[in-house]
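This is input_3.pdb. It holds PDB, C-alpha atoms, pLDDT in the B column.
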```
MODEL        1
ATOM      1  CA  MET D 223      63.544  -0.714 121.407  1.00 55.00           C
ATOM      2  CA  GLU D 224      62.954   2.187 123.730  1.00 65.00           C
ATOM      3  CA  SER D 225      62.708   5.702 122.383  1.00 64.00           C
ATOM      4  CA  ASN D 226      65.771   6.602 124.446  1.00 68.00           C
ATOM      5  CA  GLN D 227      67.790   3.885 122.721  1.00 69.00           C
ATOM      6  CA  ILE D 228      66.580   5.013 119.261  1.00 68.00           C
ATOM      7  CA  ALA D 229      67.565   8.613 120.001  1.00 69.00           C
ATOM      8  CA  PHE D 230      70.978   7.413 121.182  1.00 73.00           C
ATOM      9  CA  SER D 231      71.536   5.526 117.912  1.00 82.00           C
ATOM     10  CA  TYR D 232      71.299   8.796 115.920  1.00 85.00           C
ATOM     11  CA  TRP D 233      74.176  10.491 117.786  1.00 87.00           C
ATOM     12  CA  PRO D 234      76.943   9.302 115.429  1.00 88.00           C
ATOM     13  CA  LEU D 235      75.017  10.743 112.476  1.00 90.00           C
ATOM     14  CA  ILE D 236      74.396  14.036 114.271  1.00 92.00           C
ATOM     15  CA  ILE D 237      78.077  14.292 115.242  1.00 94.00           C
ATOM     16  CA  GLN D 238      79.161  13.591 111.650  1.00 96.00           C
ATOM     17  CA  PHE D 239      76.886  16.348 110.300  1.00 96.00           C
ATOM     18  CA  ALA D 240      78.142  18.766 112.976  1.00 97.00           C
ATOM     19  CA  VAL D 241      81.788  18.024 112.126  1.00 98.00           C
ATOM     20  CA  ALA D 242      81.116  18.464 108.384  1.00 97.00           C
ATOM     21  CA  ALA D 243      79.241  21.750 108.928  1.00 97.00           C
ATOM     22  CA  GLY D 244      81.963  22.944 111.298  1.00 98.00           C
ATOM     23  CA  PHE D 245      84.659  22.149 108.726  1.00 98.00           C
ATOM     24  CA  VAL D 246      82.816  24.151 106.066  1.00 97.00           C
ATOM     25  CA  VAL D 247      82.323  27.144 108.370  1.00 97.00           C
ATOM     26  CA  VAL D 248      85.943  27.108 109.604  1.00 97.00           C
ATOM     27  CA  THR D 249      87.285  26.775 106.048  1.00 97.00           C
ATOM     28  CA  LEU D 250      85.160  29.623 104.688  1.00 96.00           C
ATOM     29  CA  LEU D 251      85.976  31.923 107.588  1.00 96.00           C
ATOM     30  CA  GLY D 252      89.671  31.011 107.467  1.00 95.00           C
ATOM     31  CA  THR D 253      90.024  31.751 103.771  1.00 92.00           C
ATOM     32  CA  HIS D 254      88.072  34.988 104.148  1.00 91.00           C
ATOM     33  CA  LEU D 255      90.146  36.222 107.080  1.00 92.00           C
ATOM     34  CA  LEU D 256      93.567  34.905 106.046  1.00 91.00           C
ATOM     35  CA  GLY D 257      93.370  35.220 102.266  1.00 85.00           C
ATOM     36  CA  PRO D 258      94.804  38.094 100.222  1.00 81.00           C
ATOM     37  CA  LYS D 259      92.590  41.089  99.648  1.00 80.00           C
ATOM     38  CA  SER D 260      93.312  43.008  96.489  1.00 80.00           C
ATOM     39  CA  SER D 261      91.071  44.662  93.976  1.00 79.00           C
ATOM     40  CA  GLY D 262      91.380  46.767  90.898  1.00 80.00           C
ATOM     41  CA  LYS D 263      89.842  47.320  87.497  1.00 78.00           C
ATOM     42  CA  ARG D 264      91.494  44.255  85.957  1.00 73.00           C
ATOM     43  CA  LYS D 265      91.014  42.092  89.071  1.00 74.00           C
ATOM     44  CA  ASP D 266      87.276  42.839  89.355  1.00 73.00           C
ATOM     45  CA  GLU D 267      86.471  41.970  85.730  1.00 72.00           C
ATOM     46  CA  SER D 268      84.716  38.691  85.014  1.00 70.00           C
ATOM     47  CA  PHE D 269      87.009  35.828  84.045  1.00 68.00           C
ATOM     48  CA  GLU D 270      86.086  33.421  81.251  1.00 65.00           C
ATOM     49  CA  CYS D 271      88.542  30.694  80.264  1.00 68.00           C
ATOM     50  CA  GLY D 272      91.531  33.005  80.274  1.00 62.00           C
ATOM     51  CA  LEU D 273      90.115  35.175  77.501  1.00 64.00           C
ATOM     52  CA  ASP D 274      89.470  38.884  77.844  1.00 64.00           C
ATOM     53  CA  SER D 275      85.806  39.764  78.058  1.00 64.00           C
ATOM     54  CA  VAL D 276      84.921  41.825  75.007  1.00 70.00           C
ATOM     55  CA  GLY D 277      81.513  43.036  73.969  1.00 70.00           C
ATOM     56  CA  ASN D 278      78.057  41.919  74.996  1.00 73.00           C
ATOM     57  CA  ALA D 279      77.632  38.411  76.401  1.00 68.00           C
ATOM     58  CA  ARG D 280      74.178  38.223  74.822  1.00 74.00           C
ATOM     59  CA  ASN D 281      75.454  38.096  71.236  1.00 75.00           C
ATOM     60  CA  PRO D 282      74.354  34.907  69.478  1.00 76.00           C
ATOM     61  CA  PHE D 283      76.904  32.402  68.267  1.00 70.00           C
ATOM     62  CA  SER D 284      76.799  29.342  66.085  1.00 72.00           C
ATOM     63  CA  VAL D 285      74.473  26.511  67.031  1.00 75.00           C
ATOM     64  CA  LYS D 286      77.234  24.053  66.077  1.00 78.00           C
ATOM     65  CA  TYR D 287      78.762  24.424  69.539  1.00 78.00           C
ATOM     66  CA  PHE D 288      75.507  23.311  71.112  1.00 80.00           C
ATOM     67  CA  MET D 289      75.034  20.464  68.663  1.00 81.00           C
ATOM     68  CA  THR D 290      78.534  19.156  69.316  1.00 82.00           C
ATOM     69  CA  ALA D 291      77.992  19.297  73.078  1.00 83.00           C
ATOM     70  CA  ILE D 292      74.598  17.593  72.893  1.00 84.00           C
ATOM     71  CA  LEU D 293      75.912  14.865  70.604  1.00 85.00           C
ATOM     72  CA  PHE D 294      78.871  14.294  72.911  1.00 87.00           C
ATOM     73  CA  VAL D 295      76.550  13.844  75.890  1.00 86.00           C
ATOM     74  CA  LEU D 296      74.211  11.609  73.889  1.00 83.00           C
ATOM     75  CA  PHE D 297      76.906   9.238  72.649  1.00 82.00           C
ATOM     76  CA  ASP D 298      78.713   9.345  75.994  1.00 85.00           C
ATOM     77  CA  VAL D 299      75.546   8.178  77.770  1.00 84.00           C
ATOM     78  CA  GLU D 300      75.048   5.481  75.169  1.00 83.00           C
ATOM     79  CA  ILE D 301      78.537   4.159  75.871  1.00 83.00           C
ATOM     80  CA  ILE D 302      77.711   4.067  79.587  1.00 87.00           C
ATOM     81  CA  PHE D 303      74.891   1.638  78.771  1.00 84.00           C
ATOM     82  CA  MET D 304      77.477  -0.739  77.332  1.00 86.00           C
ATOM     83  CA  TYR D 305      79.338  -1.125  80.645  1.00 87.00           C
ATOM     84  CA  PRO D 306      76.769  -3.388  82.395  1.00 87.00           C
ATOM     85  CA  TRP D 307      76.601  -5.526  79.274  1.00 86.00           C
ATOM     86  CA  ALA D 308      80.391  -5.903  79.208  1.00 86.00           C
ATOM     87  CA  VAL D 309      80.415  -6.916  82.875  1.00 88.00           C
ATOM     88  CA  ASN D 310      77.664  -9.528  82.442  1.00 87.00           C
ATOM     89  CA  PHE D 311      78.164 -10.690  78.856  1.00 83.00           C
ATOM     90  CA  LYS D 312      78.856 -14.322  79.862  1.00 87.00           C
ATOM     91  CA  LYS D 313      75.610 -14.534  81.833  1.00 90.00           C
ATOM     92  CA  LEU D 314      73.598 -12.935  79.035  1.00 87.00           C
ATOM     93  CA  GLY D 315      74.762 -15.433  76.422  1.00 90.00           C
ATOM     94  CA  TRP D 316      73.763 -15.207  72.781  1.00 91.00           C
ATOM     95  CA  PHE D 317      70.559 -13.316  73.585  1.00 91.00           C
ATOM     96  CA  GLY D 318      72.603 -10.522  75.197  1.00 89.00           C
ATOM     97  CA  PHE D 319      75.034 -10.567  72.291  1.00 91.00           C
ATOM     98  CA  TRP D 320      72.269 -10.021  69.733  1.00 93.00           C
ATOM     99  CA  GLU D 321      70.698  -7.338  71.911  1.00 91.00           C
ATOM    100  CA  MET D 322      74.008  -5.471  71.881  1.00 89.00           C
ATOM    101  CA  VAL D 323      74.362  -5.933  68.114  1.00 92.00           C
ATOM    102  CA  ILE D 324      70.924  -4.328  67.645  1.00 94.00           C
ATOM    103  CA  PHE D 325      71.804  -1.554  70.115  1.00 90.00           C
ATOM    104  CA  LEU D 326      75.068  -0.785  68.316  1.00 90.00           C
ATOM    105  CA  ALA D 327      73.336  -0.904  64.926  1.00 93.00           C
ATOM    106  CA  LEU D 328      70.811   1.697  66.093  1.00 90.00           C
ATOM    107  CA  LEU D 329      73.610   3.766  67.602  1.00 88.00           C
ATOM    108  CA  MET D 330      75.596   3.673  64.371  1.00 90.00           C
ATOM    109  CA  ALA D 331      72.461   4.494  62.357  1.00 92.00           C
ATOM    110  CA  GLY D 332      72.049   7.634  64.466  1.00 87.00           C
ATOM    111  CA  PHE D 333      75.715   8.490  64.044  1.00 87.00           C
ATOM    112  CA  TYR D 334      75.443   7.989  60.266  1.00 90.00           C
ATOM    113  CA  TYR D 335      72.398  10.313  60.233  1.00 89.00           C
ATOM    114  CA  VAL D 336      74.355  12.983  62.127  1.00 86.00           C
ATOM    115  CA  ILE D 337      77.275  12.690  59.703  1.00 85.00           C
ATOM    116  CA  GLN D 338      74.963  12.862  56.665  1.00 88.00           C
ATOM    117  CA  LYS D 339      73.269  16.000  58.003  1.00 83.00           C
ATOM    118  CA  GLY D 340      76.696  17.626  58.378  1.00 81.00           C
ATOM    119  CA  VAL D 341      76.227  18.478  62.045  1.00 78.00           C
ATOM    120  CA  LEU D 342      79.873  17.816  62.844  1.00 76.00           C
ATOM    121  CA  ALA D 343      81.232  19.632  59.771  1.00 77.00           C
ATOM    122  CA  TRP D 344      82.730  22.879  61.025  1.00 71.00           C
ATOM    123  CA  GLU D 345      83.331  24.439  57.629  1.00 71.00           C
ATOM    124  CA  GLU D 346      80.299  25.446  55.647  1.00 63.00           C
ATOM    125  CA  ARG D 347      79.511  23.203  52.675  1.00 58.00           C
ATOM    126  CA  HIS D 348      77.793  24.604  49.645  1.00 51.00           C
ATOM    127  CA  ARG D 349      75.056  22.355  48.323  1.00 53.00           C
ATOM    128  CA  GLU D 350      74.353  22.459  44.626  1.00 48.00           C
TER     129      GLU D 350
ENDMDL
END
```
For the structure just supplied, provide its representation as structure tokens.
Amino acid sequence: MESNQIAFSYWPLIIQFAVAAGFVVVTLLGTHLLGPKSSGKRKDESFECGLDSVGNARNPFSVKYFMTAILFVLFDVEIIFMYPWAVNFKKLGWFGFWEMVIFLALLMAGFYYVIQKGVLAWEERHRE
């Protein structure tokens, strides 16, 4: 292939990038120029989930929110690992079945540990 032919083969890609960049620029400029412009004390305040901002944002809050979020992500990712197994379970046969049984047993052992530690209990329990 000649270098001229190679350079010619990149033109569709260059045109696609130019169209995408042009769309972004036109959209941003259009919304800036055509959009409403209003400001005020209430309008310029930060917005957080529809709640009024009160106090310092640096105040600590319960670690239970973080633990719930981390556990959700952890178990959500574990469920994603089950999808390829479900798609190929016939090809994997009994070996794949027992692998999944072990995987689910370990997953449930972790879930049991989390429940026993009371991570998901929102009300405080008093231990005696």
Between CA of Lys339 in chain D and CA of Pro282 in chain D - distance in Å to one decimal: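 Answer for the CA of Pro282 in chain D to CA of Lys339 in chain D separation: 22.1 Å.
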What is the distance, in Å and to one decimal place, between CA of Phe319 in chain D and CA of Tyr305 in chain D?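 Going from CA of Phe319 in chain D over to CA of Tyr305 in chain D, I get 13.3 Å.
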Expand the PyMOL selection byres ((chain D and resi 342) around 12) into the individual residues it matches in the shown file, reporting them as a PDB file with C-alpha atoms, in the coordinates of the input.
```pdb
ATOM      1  CA  VAL D 285      74.473  26.511  67.031  1.00 75.00           C
ATOM      2  CA  LYS D 286      77.234  24.053  66.077  1.00 78.00           C
ATOM      3  CA  TYR D 287      78.762  24.424  69.539  1.00 78.00           C
ATOM      4  CA  PHE D 288      75.507  23.311  71.112  1.00 80.00           C
ATOM      5  CA  MET D 289      75.034  20.464  68.663  1.00 81.00           C
ATOM      6  CA  THR D 290      78.534  19.156  69.316  1.00 82.00           C
ATOM      7  CA  ALA D 291      77.992  19.297  73.078  1.00 83.00           C
ATOM      8  CA  ILE D 292      74.598  17.593  72.893  1.00 84.00           C
ATOM      9  CA  LEU D 293      75.912  14.865  70.604  1.00 85.00           C
ATOM     10  CA  PHE D 294      78.871  14.294  72.911  1.00 87.00           C
ATOM     11  CA  PHE D 333      75.715   8.490  64.044  1.00 87.00           C
ATOM     12  CA  TYR D 334      75.443   7.989  60.266  1.00 90.00           C
ATOM     13  CA  TYR D 335      72.398  10.313  60.233  1.00 89.00           C
ATOM     14  CA  VAL D 336      74.355  12.983  62.127  1.00 86.00           C
ATOM     15  CA  ILE D 337      77.275  12.690  59.703  1.00 85.00           C
ATOM     16  CA  GLN D 338      74.963  12.862  56.665  1.00 88.00           C
ATOM     17  CA  LYS D 339      73.269  16.000  58.003  1.00 83.00           C
ATOM     18  CA  GLY D 340      76.696  17.626  58.378  1.00 81.00           C
ATOM     19  CA  VAL D 341      76.227  18.478  62.045  1.00 78.00           C
ATOM     20  CA  ALA D 343      81.232  19.632  59.771  1.00 77.00           C
ATOM     21  CA  TRP D 344      82.730  22.879  61.025  1.00 71.00           C
ATOM     22  CA  GLU D 345      83.331  24.439  57.629  1.00 71.00           C
ATOM     23  CA  GLU D 346      80.299  25.446  55.647  1.00 63.00           C
ATOM     24  CA  ARG D 347      79.511  23.203  52.675  1.00 58.00           C
TER      25      ARG D 347
END
```
As an exercise, work out the distance from CA of Leu326 in chain D to CA of Phe311 in chain D in Å and give it to one decimal place.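 According to the coordinates, CA of Leu326 in chain D and CA of Phe311 in chain D are separated by 14.8 Å.
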Given only C-alpha atoms as the basis, pick out the residue of D:Ile301, D:Trp307, D:Trp316, D:Pro258 nearest to Met330 in chain D. D:Ile301
At a cut-off of 12 Å, using only C-alpha atoms, what residues contact Met304 in chain D? Leave out same-chain residues fewer than 2 positions from it and give the result as a VMD selection string. chain D and resid 297 to 302 306 to 311 318 to 319 321 to 323 325 to 326 329
I need the residues from that last selection saved to file as a PDB file, keeping the file's coordinate frame (with C-alpha atoms), if you can.
```
ATOM      1  CA  PHE D 297      76.906   9.238  72.649  1.00 82.00           C
ATOM      2  CA  ASP D 298      78.713   9.345  75.994  1.00 85.00           C
ATOM      3  CA  VAL D 299      75.546   8.178  77.770  1.00 84.00           C
ATOM      4  CA  GLU D 300      75.048   5.481  75.169  1.00 83.00           C
ATOM      5  CA  ILE D 301      78.537   4.159  75.871  1.00 83.00           C
ATOM      6  CA  ILE D 302      77.711   4.067  79.587  1.00 87.00           C
ATOM      7  CA  PRO D 306      76.769  -3.388  82.395  1.00 87.00           C
ATOM      8  CA  TRP D 307      76.601  -5.526  79.274  1.00 86.00           C
ATOM      9  CA  ALA D 308      80.391  -5.903  79.208  1.00 86.00           C
ATOM     10  CA  VAL D 309      80.415  -6.916  82.875  1.00 88.00           C
ATOM     11  CA  ASN D 310      77.664  -9.528  82.442  1.00 87.00           C
ATOM     12  CA  PHE D 311      78.164 -10.690  78.856  1.00 83.00           C
ATOM     13  CA  GLY D 318      72.603 -10.522  75.197  1.00 89.00           C
ATOM     14  CA  PHE D 319      75.034 -10.567  72.291  1.00 91.00           C
ATOM     15  CA  GLU D 321      70.698  -7.338  71.911  1.00 91.00           C
ATOM     16  CA  MET D 322      74.008  -5.471  71.881  1.00 89.00           C
ATOM     17  CA  VAL D 323      74.362  -5.933  68.114  1.00 92.00           C
ATOM     18  CA  PHE D 325      71.804  -1.554  70.115  1.00 90.00           C
ATOM     19  CA  LEU D 326      75.068  -0.785  68.316  1.00 90.00           C
ATOM     20  CA  LEU D 329      73.610   3.766  67.602  1.00 88.00           C
TER      21      LEU D 329
END
```
Return as AutoDock Vina command-line options the box centre and box size in Å, one decimal, for an axis-aligned box around all listed atoms of range 250-257 of chain D padded by 4 Å per side.
```
--center_x 89.4 --center_y 32.9 --center_z 104.9 --size_x 16.4 --size_y 14.6 --size_z 13.3
```
Range 287-328 of chain D dumped to file, N, CA and C atoms, as a PDB file, in the first residue's frame:
```
ATOM      1  N   TYR D 287     -23.823   4.358  55.702  1.00  0.00           N
ATOM      2  CA  TYR D 287     -24.125   4.694  54.312  1.00  0.00           C
ATOM      3  C   TYR D 287     -23.043   4.140  53.385  1.00  0.00           C
ATOM      4  N   PHE D 288     -21.797   4.334  53.786  1.00  0.00           N
ATOM      5  CA  PHE D 288     -20.688   3.838  52.982  1.00  0.00           C
ATOM      6  C   PHE D 288     -20.679   2.321  52.921  1.00  0.00           C
ATOM      7  N   MET D 289     -20.919   1.687  54.054  1.00  0.00           N
ATOM      8  CA  MET D 289     -20.912   0.225  54.085  1.00  0.00           C
ATOM      9  C   MET D 289     -22.010  -0.353  53.197  1.00  0.00           C
ATOM     10  N   THR D 290     -23.181   0.252  53.231  1.00  0.00           N
ATOM     11  CA  THR D 290     -24.273  -0.217  52.381  1.00  0.00           C
ATOM     12  C   THR D 290     -23.918  -0.058  50.918  1.00  0.00           C
ATOM     13  N   ALA D 291     -23.330   1.072  50.555  1.00  0.00           N
ATOM     14  CA  ALA D 291     -22.951   1.309  49.157  1.00  0.00           C
ATOM     15  C   ALA D 291     -21.867   0.336  48.712  1.00  0.00           C
ATOM     16  N   ILE D 292     -20.872   0.113  49.541  1.00  0.00           N
ATOM     17  CA  ILE D 292     -19.781  -0.792  49.184  1.00  0.00           C
ATOM     18  C   ILE D 292     -20.295  -2.221  49.061  1.00  0.00           C
ATOM     19  N   LEU D 293     -21.159  -2.626  49.975  1.00  0.00           N
ATOM     20  CA  LEU D 293     -21.709  -3.983  49.895  1.00  0.00           C
ATOM     21  C   LEU D 293     -22.591  -4.148  48.666  1.00  0.00           C
ATOM     22  N   PHE D 294     -23.345  -3.110  48.315  1.00  0.00           N
ATOM     23  CA  PHE D 294     -24.151  -3.182  47.103  1.00  0.00           C
ATOM     24  C   PHE D 294     -23.261  -3.392  45.885  1.00  0.00           C
ATOM     25  N   VAL D 295     -22.206  -2.610  45.778  1.00  0.00           N
ATOM     26  CA  VAL D 295     -21.292  -2.752  44.632  1.00  0.00           C
ATOM     27  C   VAL D 295     -20.645  -4.125  44.639  1.00  0.00           C
ATOM     28  N   LEU D 296     -20.214  -4.591  45.791  1.00  0.00           N
ATOM     29  CA  LEU D 296     -19.564  -5.897  45.892  1.00  0.00           C
ATOM     30  C   LEU D 296     -20.491  -7.019  45.422  1.00  0.00           C
ATOM     31  N   PHE D 297     -21.690  -7.074  45.954  1.00  0.00           N
ATOM     32  CA  PHE D 297     -22.598  -8.159  45.581  1.00  0.00           C
ATOM     33  C   PHE D 297     -23.143  -7.968  44.170  1.00  0.00           C
ATOM     34  N   ASP D 298     -23.235  -6.742  43.703  1.00  0.00           N
ATOM     35  CA  ASP D 298     -23.658  -6.497  42.328  1.00  0.00           C
ATOM     36  C   ASP D 298     -22.612  -7.029  41.358  1.00  0.00           C
ATOM     37  N   VAL D 299     -21.347  -6.796  41.641  1.00  0.00           N
ATOM     38  CA  VAL D 299     -20.269  -7.310  40.781  1.00  0.00           C
ATOM     39  C   VAL D 299     -20.227  -8.829  40.831  1.00  0.00           C
ATOM     40  N   GLU D 300     -20.472  -9.392  41.983  1.00  0.00           N
ATOM     41  CA  GLU D 300     -20.490 -10.850  42.084  1.00  0.00           C
ATOM     42  C   GLU D 300     -21.599 -11.442  41.222  1.00  0.00           C
ATOM     43  N   ILE D 301     -22.730 -10.804  41.172  1.00  0.00           N
ATOM     44  CA  ILE D 301     -23.830 -11.285  40.334  1.00  0.00           C
ATOM     45  C   ILE D 301     -23.457 -11.186  38.862  1.00  0.00           C
ATOM     46  N   ILE D 302     -22.701 -10.160  38.497  1.00  0.00           N
ATOM     47  CA  ILE D 302     -22.256 -10.031  37.102  1.00  0.00           C
ATOM     48  C   ILE D 302     -21.404 -11.231  36.700  1.00  0.00           C
ATOM     49  N   PHE D 303     -20.634 -11.782  37.618  1.00  0.00           N
ATOM     50  CA  PHE D 303     -19.822 -12.956  37.301  1.00  0.00           C
ATOM     51  C   PHE D 303     -20.679 -14.185  37.001  1.00  0.00           C
ATOM     52  N   MET D 304     -21.917 -14.170  37.438  1.00  0.00           N
ATOM     53  CA  MET D 304     -22.792 -15.317  37.184  1.00  0.00           C
ATOM     54  C   MET D 304     -23.336 -15.317  35.758  1.00  0.00           C
ATOM     55  N   TYR D 305     -23.356 -14.180  35.094  1.00  0.00           N
ATOM     56  CA  TYR D 305     -23.942 -14.108  33.748  1.00  0.00           C
ATOM     57  C   TYR D 305     -23.213 -14.998  32.737  1.00  0.00           C
ATOM     58  N   PRO D 306     -21.879 -14.948  32.634  1.00  0.00           N
ATOM     59  CA  PRO D 306     -21.209 -15.844  31.673  1.00  0.00           C
ATOM     60  C   PRO D 306     -21.453 -17.320  31.983  1.00  0.00           C
ATOM     61  N   TRP D 307     -21.552 -17.640  33.259  1.00  0.00           N
ATOM     62  CA  TRP D 307     -21.827 -19.033  33.619  1.00  0.00           C
ATOM     63  C   TRP D 307     -23.216 -19.430  33.131  1.00  0.00           C
ATOM     64  N   ALA D 308     -24.200 -18.555  33.309  1.00  0.00           N
ATOM     65  CA  ALA D 308     -25.563 -18.867  32.895  1.00  0.00           C
ATOM     66  C   ALA D 308     -25.654 -19.024  31.380  1.00  0.00           C
ATOM     67  N   VAL D 309     -24.863 -18.261  30.652  1.00  0.00           N
ATOM     68  CA  VAL D 309     -24.884 -18.350  29.188  1.00  0.00           C
ATOM     69  C   VAL D 309     -24.253 -19.660  28.718  1.00  0.00           C
ATOM     70  N   ASN D 310     -23.218 -20.112  29.403  1.00  0.00           N
ATOM     71  CA  ASN D 310     -22.450 -21.282  28.956  1.00  0.00           C
ATOM     72  C   ASN D 310     -22.608 -22.494  29.854  1.00  0.00           C
ATOM     73  N   PHE D 311     -23.688 -22.585  30.625  1.00  0.00           N
ATOM     74  CA  PHE D 311     -23.757 -23.672  31.608  1.00  0.00           C
ATOM     75  C   PHE D 311     -23.827 -25.044  30.958  1.00  0.00           C
ATOM     76  N   LYS D 312     -24.393 -25.170  29.754  1.00  0.00           N
ATOM     77  CA  LYS D 312     -24.446 -26.483  29.098  1.00  0.00           C
ATOM     78  C   LYS D 312     -23.055 -26.945  28.677  1.00  0.00           C
ATOM     79  N   LYS D 313     -22.241 -26.010  28.201  1.00  0.00           N
ATOM     80  CA  LYS D 313     -20.880 -26.362  27.782  1.00  0.00           C
ATOM     81  C   LYS D 313     -20.006 -26.715  28.980  1.00  0.00           C
ATOM     82  N   LEU D 314     -20.245 -26.068  30.111  1.00  0.00           N
ATOM     83  CA  LEU D 314     -19.400 -26.287  31.280  1.00  0.00           C
ATOM     84  C   LEU D 314     -19.683 -27.613  31.977  1.00  0.00           C
ATOM     85  N   GLY D 315     -20.883 -28.115  31.837  1.00  0.00           N
ATOM     86  CA  GLY D 315     -21.236 -29.417  32.402  1.00  0.00           C
ATOM     87  C   GLY D 315     -21.232 -29.418  33.919  1.00  0.00           C
ATOM     88  N   TRP D 316     -20.978 -30.616  34.467  1.00  0.00           N
ATOM     89  CA  TRP D 316     -21.006 -30.778  35.924  1.00  0.00           C
ATOM     90  C   TRP D 316     -19.867 -30.023  36.599  1.00  0.00           C
ATOM     91  N   PHE D 317     -18.715 -29.941  35.929  1.00  0.00           N
ATOM     92  CA  PHE D 317     -17.594 -29.195  36.512  1.00  0.00           C
ATOM     93  C   PHE D 317     -17.981 -27.736  36.746  1.00  0.00           C
ATOM     94  N   GLY D 318     -18.622 -27.113  35.748  1.00  0.00           N
ATOM     95  CA  GLY D 318     -19.082 -25.736  35.878  1.00  0.00           C
ATOM     96  C   GLY D 318     -20.158 -25.592  36.935  1.00  0.00           C
ATOM     97  N   PHE D 319     -21.019 -26.601  37.044  1.00  0.00           N
ATOM     98  CA  PHE D 319     -22.063 -26.572  38.061  1.00  0.00           C
ATOM     99  C   PHE D 319     -21.450 -26.536  39.456  1.00  0.00           C
ATOM    100  N   TRP D 320     -20.476 -27.419  39.710  1.00  0.00           N
ATOM    101  CA  TRP D 320     -19.864 -27.466  41.036  1.00  0.00           C
ATOM    102  C   TRP D 320     -19.016 -26.225  41.305  1.00  0.00           C
ATOM    103  N   GLU D 321     -18.416 -25.663  40.264  1.00  0.00           N
ATOM    104  CA  GLU D 321     -17.712 -24.396  40.449  1.00  0.00           C
ATOM    105  C   GLU D 321     -18.674 -23.310  40.921  1.00  0.00           C
ATOM    106  N   MET D 322     -19.859 -23.263  40.318  1.00  0.00           N
ATOM    107  CA  MET D 322     -20.834 -22.243  40.696  1.00  0.00           C
ATOM    108  C   MET D 322     -21.385 -22.508  42.093  1.00  0.00           C
ATOM    109  N   VAL D 323     -21.545 -23.770  42.473  1.00  0.00           N
ATOM    110  CA  VAL D 323     -21.993 -24.089  43.823  1.00  0.00           C
ATOM    111  C   VAL D 323     -20.976 -23.576  44.840  1.00  0.00           C
ATOM    112  N   ILE D 324     -19.693 -23.781  44.566  1.00  0.00           N
ATOM    113  CA  ILE D 324     -18.638 -23.297  45.474  1.00  0.00           C
ATOM    114  C   ILE D 324     -18.640 -21.766  45.506  1.00  0.00           C
ATOM    115  N   PHE D 325     -18.764 -21.150  44.343  1.00  0.00           N
ATOM    116  CA  PHE D 325     -18.810 -19.683  44.256  1.00  0.00           C
ATOM    117  C   PHE D 325     -19.966 -19.131  45.067  1.00  0.00           C
ATOM    118  N   LEU D 326     -21.156 -19.705  44.905  1.00  0.00           N
ATOM    119  CA  LEU D 326     -22.324 -19.229  45.644  1.00  0.00           C
ATOM    120  C   LEU D 326     -22.187 -19.504  47.140  1.00  0.00           C
ATOM    121  N   ALA D 327     -21.558 -20.624  47.501  1.00  0.00           N
ATOM    122  CA  ALA D 327     -21.348 -20.908  48.920  1.00  0.00           C
ATOM    123  C   ALA D 327     -20.439 -19.850  49.547  1.00  0.00           C
ATOM    124  N   LEU D 328     -19.368 -19.484  48.847  1.00  0.00           N
ATOM    125  CA  LEU D 328     -18.480 -18.441  49.363  1.00  0.00           C
ATOM    126  C   LEU D 328     -19.188 -17.093  49.415  1.00  0.00           C
TER     127      LEU D 328
END
```
